[in-house]
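Working notes, structure below.
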Protein chains: 2
Amino acid sequence: MAETLPLLTGSEVADWIRERIRVGRFVPGQRLVEVDIIRQTGTSRSKVREALQRLEGEGLVQIEEFRGASVKSTSLDEVRQIYRARVALEGICAADFARHGSAEQKASLRDLQAQLDRCVDERSPERFGRLNLEWHRLVVEGSGNRTIAELLKRLNVPIHRLLFESFYDEARLRRANADHQRMVALFLASDAEGAEAAMRDHIGDGFETLSKIESEFYR
Amino acid sequence: MAETLPLLTGSEVADWIRERIRVGRFVPGQRLVEVDIIRQTGTSRSKVREALQRLEGEGLVQIEEFRGASVKSTSLDEVRQIYRARVALEGICAADFARHGSAEQKASLRDLQAQLDRCVDERSPERFGRLNLEWHRLVVEGSGNRTIAELLKRLNVPIHRLLFESFYDEARLRRANADHQRMVALFLASDAEGAEAAMRDHIGDGFETLSKIESEFYR
DNA sequence: GCTGACGATATTGTTGACAATATTGTTCGA
DNA sequence: TCGAACAATATTGTCAACAATATCGTCAGC
């Protein structure tokens, strides 16, 4: 259980905390006491404080004077806003990927799609969720826009667990996979407008599904 | 000249530095020496360090070990990426504003447009630039998406000065104002698709103009 | 004059102690 | 039993001293 790795820089501590928030080990509202993090990471207090300030700058935690840092909780309305931003940003990335993506990038997306297709038959939503993240990451990377890639990485942290939950609904999983298949074809055909429209529908549909899920996630 | 206001919290120091970067008082590449900022703000060193770490989290400055913080410079390609993100995000905001914006918000945008029209006749590009910022801010605010508003606020900091430069070209200024007029009409008519398309063209055109400007801005 | 080594200075990184505040626990009276 | 005042503890905020590193200037040797 002793996972006290000797972490070094403050930004690595921030990575450590961010990852634990992402996977749900630190839940919204939970207080992040400096001493606890020092014990678990083995770093010094200044590093931990530096990390927490960074994370507040990213909007992941909130810091109240003399009360310290806590994981910022995400309301349903904020999730909606995040999805609206995703619709816009990933839509543009889809168009740019269709236009300027290299043949190699499009080929590896097609290969990944084949793996996703197998997940559907094998009914493994957990694995589908992981590959789904990778699928979207490939499109964004293929668009060649690292600025947008960074924005999306941050936007996705608070909704990371939600992204998996929706795929336990098999109908949603099959619908998402059909979207992916159609988009891969559009990318290969370099149909930018079609790809963008399909991506926007796809992500919009994702939020529709999520907003119907009963979840203790929202505060 | 002694503007050494007694600033208090670390995040206020971050605001102070960010504003100076935004208006070009701190230029890209410039080193931000802790002692200098202490002298100019009157705060302590820990506050300054906290502020710099926050700003690195926002991507505005870069910190190298034992070499300190410096204002991150922005390449032309990064500007292109920022504009691509703006096209996506402000486009969505335009659509949402047209759909869900209140009558009051649309009316105040119309009033602001009247002021912009006067700027065109009076040939005051500086004032046009300021009102232009306000115009775009109103649309984003009217969309009701604070998450996107935050993203855009950060995206705009590195290109703040550029936003003014393009309006010294009168043809561009007149074209931009015509775009604004057309969009105001579309907002008032609640034409979401039209407003989004117009906003995307408008911002895309803005980048086209910028990329032609000879500028010492890029590194 | 040029180059590399060396030392002086400037700047940043780290640590620990102390102050300020919040949180929790306890006691006492009604 | 309940609640208010107070004390004890825990936690965070601040600061200053010290260590580590980079930068700059100097000088010897060629």
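In the structure tokens, chains take the letters A, B, ... in the order shown, each chain's residues start at 1, and ligands count up from 1 in the order shown.
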
Which residues of chain B sit at most 8 Å from chain D, using only C-alpha atoms (C1' of nucleotides)? Give each one's shortest atom pair and distance in Å (one decimal place), in chain and ascending residue order, as CSV.
```
residue,atom,partner,partner_atom,distance
B:Ser46,CA,D:DT14,C1',7.9
B:Phe66,CA,D:DT21,C1',5.8
B:Arg67,CA,D:DA22,C1',6.8
```

Please provide as a short mmCIF file (atom, residue, chain, number, x, y, z; two decimals) with N, CA and C atoms, in the first residue's frame all residues within 9 Å of range 88-94 of chain B, with the sequence filter that same-chain residues fewer than 3 positions apart are discarded (counting only C-alpha atoms (C1' of nucleotides)).
```
data_model
loop_
_atom_site.label_atom_id
_atom_site.label_comp_id
_atom_site.auth_asym_id
_atom_site.auth_seq_id
_atom_site.Cartn_x
_atom_site.Cartn_y
_atom_site.Cartn_z
N ARG A 84 -20.64 22.00 -24.13
CA ARG A 84 -20.81 23.00 -25.19
C ARG A 84 -19.45 23.41 -25.75
N ALA A 85 -18.48 23.57 -24.84
CA ALA A 85 -17.13 23.89 -25.29
C ALA A 85 -16.53 22.74 -26.08
N VAL A 87 -18.19 20.52 -27.87
CA VAL A 87 -18.84 20.53 -29.18
C VAL A 87 -18.11 21.47 -30.12
N ALA A 88 -17.83 22.68 -29.61
CA ALA A 88 -17.18 23.67 -30.45
C ALA A 88 -15.76 23.24 -30.81
N LEU A 89 -14.98 22.88 -29.79
CA LEU A 89 -13.55 22.65 -30.02
C LEU A 89 -13.30 21.36 -30.79
N GLU A 90 -13.94 20.26 -30.37
CA GLU A 90 -13.70 19.01 -31.08
C GLU A 90 -14.31 19.04 -32.47
N GLY A 91 -15.38 19.82 -32.63
CA GLY A 91 -15.94 19.99 -33.97
C GLY A 91 -14.92 20.60 -34.91
N ILE A 92 -14.30 21.69 -34.47
CA ILE A 92 -13.27 22.34 -35.28
C ILE A 92 -12.11 21.38 -35.54
N TYR B 83 -6.62 31.55 -32.73
CA TYR B 83 -7.73 32.03 -33.54
C TYR B 83 -8.67 30.90 -33.94
N ARG B 84 -8.09 29.73 -34.17
CA ARG B 84 -8.93 28.57 -34.50
C ARG B 84 -9.83 28.23 -33.30
N ALA B 85 -9.27 28.34 -32.11
CA ALA B 85 -10.08 28.09 -30.91
C ALA B 85 -11.14 29.16 -30.76
N PHE B 97 -26.14 32.67 -27.94
CA PHE B 97 -26.66 34.00 -27.62
C PHE B 97 -27.90 34.29 -28.47
N ALA B 98 -27.83 33.97 -29.74
CA ALA B 98 -28.99 34.19 -30.61
C ALA B 98 -30.20 33.39 -30.10
N ARG B 99 -29.95 32.16 -29.64
CA ARG B 99 -31.05 31.31 -29.17
C ARG B 99 -31.59 31.75 -27.82
N HIS B 136 -17.48 41.80 -28.16
CA HIS B 136 -17.30 40.34 -28.12
C HIS B 136 -17.58 39.79 -26.73
N VAL B 139 -21.32 39.34 -26.18
CA VAL B 139 -21.88 38.16 -26.85
C VAL B 139 -21.59 36.90 -26.02
N VAL B 140 -20.34 36.78 -25.58
CA VAL B 140 -19.95 35.59 -24.82
C VAL B 140 -20.74 35.54 -23.51
N GLU B 141 -20.80 36.67 -22.83
CA GLU B 141 -21.54 36.71 -21.57
C GLU B 141 -23.00 36.36 -21.81
N GLY B 142 -23.55 36.88 -22.89
CA GLY B 142 -24.95 36.63 -23.21
C GLY B 142 -25.26 35.18 -23.52
N SER B 143 -24.22 34.43 -23.89
CA SER B 143 -24.45 33.01 -24.17
C SER B 143 -24.69 32.22 -22.89
N GLY B 144 -24.34 32.82 -21.75
CA GLY B 144 -24.59 32.14 -20.47
C GLY B 144 -23.60 31.04 -20.17
N ASN B 145 -22.47 31.01 -20.86
CA ASN B 145 -21.49 29.94 -20.65
C ASN B 145 -20.22 30.53 -20.04
N ILE B 148 -16.78 28.81 -21.03
CA ILE B 148 -16.19 29.30 -22.28
C ILE B 148 -15.68 30.72 -22.10
N ALA B 149 -16.39 31.53 -21.33
CA ALA B 149 -15.94 32.90 -21.09
C ALA B 149 -14.54 32.90 -20.47
N LEU B 151 -12.27 30.47 -20.67
CA LEU B 151 -11.31 30.01 -21.68
C LEU B 151 -10.92 31.14 -22.61
N LEU B 152 -11.90 31.90 -23.06
CA LEU B 152 -11.62 32.98 -24.01
C LEU B 152 -10.80 34.08 -23.36
N MET B 183 -24.27 40.82 -37.71
CA MET B 183 -24.50 39.88 -36.61
C MET B 183 -25.54 40.39 -35.63
N PHE B 187 -28.68 38.36 -34.33
CA PHE B 187 -29.00 38.11 -32.92
C PHE B 187 -30.43 38.52 -32.64
N ALA B 192 -29.75 31.56 -35.05
CA ALA B 192 -28.56 30.96 -34.44
C ALA B 192 -27.55 30.50 -35.49
N GLU B 193 -28.03 29.76 -36.49
CA GLU B 193 -27.10 29.25 -37.51
C GLU B 193 -26.43 30.41 -38.24
N ALA B 195 -25.96 33.49 -37.20
CA ALA B 195 -25.05 34.21 -36.32
C ALA B 195 -23.75 33.45 -36.15
N GLU B 196 -23.84 32.13 -35.98
CA GLU B 196 -22.63 31.34 -35.80
C GLU B 196 -21.74 31.43 -37.04
N ALA B 197 -22.35 31.24 -38.20
CA ALA B 197 -21.56 31.29 -39.44
C ALA B 197 -20.91 32.65 -39.60
N ALA B 198 -21.66 33.71 -39.30
CA ALA B 198 -21.12 35.06 -39.46
C ALA B 198 -19.96 35.29 -38.50
N MET B 199 -20.12 34.82 -37.26
CA MET B 199 -19.05 35.01 -36.28
C MET B 199 -17.79 34.26 -36.71
N ARG B 200 -17.96 33.07 -37.24
CA ARG B 200 -16.79 32.30 -37.67
C ARG B 200 -16.09 32.99 -38.82
N ILE B 203 -14.20 36.18 -37.37
CA ILE B 203 -12.96 35.93 -36.65
C ILE B 203 -11.89 35.36 -37.59
#
```

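For the set B:Arg25, B:Arg49, B:Lys153, B:Arg80, the residue with the smallest atom-to-atom gap to chain C is B:Arg49, counting only C-alpha atoms (C1' of nucleotides).
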
Legend entry - Contact residues (chain A, partner chain C, 12 Å, only C-alpha atoms (C1' of nucleotides)) as a PyMOL selection string: chain A and resi 9-10+43-47+64-68

Legend entry - strand (DSSP E or B) positions in range 42-111 of chain A, given as a list in words: Val61, Gln62, Ile63, Glu64, Gly68, Ala69, Ser70 and Val71 of chain A

Legend entry - Atom-to-atom span, CA of Leu116 in chain A and CA of Val79 in chain A, Å: 25.6 Å

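Minimum atom-to-atom distance to chain B, evaluated using only C-alpha atoms, belongs to A:Thr147 out of A:Thr147, A:Thr41, A:Ser166, A:Gln30.
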
Inset, instruction - Could you superimpose chain B onto chain A using every C-alpha atom, matched in order, and tell me the RMSD in Å? - result: 0.1 Å

Inset, instruction - DSSP on the backbone, then: every residue of range 38-108 of chain A marked helix (DSSP H, G or I), written as a PyMOL selection string. - result: chain A and resi 38-41+45-58+76-100+103-108

Print the selection's residues with C-alpha atoms to a file, as a PDB file, in the first residue's frame.
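Once everything was written out, this is out_7.pdb:
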```
ATOM      1  CA  ILE A  38       3.075  15.553   2.108  1.00  0.00           C
ATOM      2  CA  ARG A  39       2.763  12.142   3.775  1.00  0.00           C
ATOM      3  CA  GLN A  40       1.463  10.461   0.636  1.00  0.00           C
ATOM      4  CA  THR A  41       3.934  11.987  -1.793  1.00  0.00           C
ATOM      5  CA  ARG A  45       5.256  21.624   2.039  1.00  0.00           C
ATOM      6  CA  SER A  46       6.279  24.337  -0.372  1.00  0.00           C
ATOM      7  CA  LYS A  47       5.968  21.903  -3.263  1.00  0.00           C
ATOM      8  CA  VAL A  48       2.504  20.896  -2.150  1.00  0.00           C
ATOM      9  CA  ARG A  49       1.420  24.506  -1.779  1.00  0.00           C
ATOM     10  CA  GLU A  50       2.868  25.322  -5.178  1.00  0.00           C
ATOM     11  CA  ALA A  51       0.965  22.400  -6.692  1.00  0.00           C
ATOM     12  CA  LEU A  52      -2.318  23.452  -5.114  1.00  0.00           C
ATOM     13  CA  GLN A  53      -1.929  27.000  -6.389  1.00  0.00           C
ATOM     14  CA  ARG A  54      -1.258  25.688  -9.884  1.00  0.00           C
ATOM     15  CA  LEU A  55      -4.364  23.556  -9.713  1.00  0.00           C
ATOM     16  CA  GLU A  56      -6.442  26.477  -8.546  1.00  0.00           C
ATOM     17  CA  GLY A  57      -5.161  28.351 -11.593  1.00  0.00           C
ATOM     18  CA  GLU A  58      -6.468  25.475 -13.693  1.00  0.00           C
ATOM     19  CA  LEU A  76     -24.850  19.755 -13.982  1.00  0.00           C
ATOM     20  CA  ASP A  77     -24.927  23.189 -15.542  1.00  0.00           C
ATOM     21  CA  GLU A  78     -21.154  23.357 -15.547  1.00  0.00           C
ATOM     22  CA  VAL A  79     -21.060  19.929 -17.206  1.00  0.00           C
ATOM     23  CA  ARG A  80     -23.388  21.318 -19.834  1.00  0.00           C
ATOM     24  CA  GLN A  81     -21.064  24.270 -20.374  1.00  0.00           C
ATOM     25  CA  ILE A  82     -18.077  21.947 -20.678  1.00  0.00           C
ATOM     26  CA  TYR A  83     -19.907  19.872 -23.260  1.00  0.00           C
ATOM     27  CA  ARG A  84     -20.812  22.997 -25.194  1.00  0.00           C
ATOM     28  CA  ALA A  85     -17.129  23.894 -25.288  1.00  0.00           C
ATOM     29  CA  ARG A  86     -16.283  20.347 -26.364  1.00  0.00           C
ATOM     30  CA  VAL A  87     -18.840  20.525 -29.184  1.00  0.00           C
ATOM     31  CA  ALA A  88     -17.178  23.674 -30.451  1.00  0.00           C
ATOM     32  CA  LEU A  89     -13.551  22.653 -30.022  1.00  0.00           C
ATOM     33  CA  GLU A  90     -13.697  19.007 -31.075  1.00  0.00           C
ATOM     34  CA  GLY A  91     -15.936  19.988 -33.969  1.00  0.00           C
ATOM     35  CA  ILE A  92     -13.268  22.336 -35.280  1.00  0.00           C
ATOM     36  CA  CYS A  93     -10.612  19.697 -34.680  1.00  0.00           C
ATOM     37  CA  ALA A  94     -12.625  17.176 -36.675  1.00  0.00           C
ATOM     38  CA  ALA A  95     -12.820  19.588 -39.602  1.00  0.00           C
ATOM     39  CA  ASP A  96      -9.117  20.401 -39.438  1.00  0.00           C
ATOM     40  CA  PHE A  97      -8.201  16.751 -39.094  1.00  0.00           C
ATOM     41  CA  ALA A  98     -10.269  15.861 -42.140  1.00  0.00           C
ATOM     42  CA  ARG A  99      -8.591  18.650 -44.101  1.00  0.00           C
ATOM     43  CA  HIS A 100      -4.989  18.498 -42.959  1.00  0.00           C
ATOM     44  CA  ALA A 103      -2.688   9.599 -44.195  1.00  0.00           C
ATOM     45  CA  GLU A 104      -0.774   7.837 -41.397  1.00  0.00           C
ATOM     46  CA  GLN A 105      -2.830   9.537 -38.705  1.00  0.00           C
ATOM     47  CA  LYS A 106      -6.058   8.652 -40.447  1.00  0.00           C
ATOM     48  CA  ALA A 107      -4.892   5.069 -40.893  1.00  0.00           C
ATOM     49  CA  SER A 108      -4.106   4.668 -37.199  1.00  0.00           C
TER      50      SER A 108
END
```

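Residues within 8 Å of Gly129 in chain A, counting only C-alpha atoms (C1' of nucleotides) and excluding same-chain residues fewer than 5 positions away, are A:Leu163, A:Phe164, A:Phe167.
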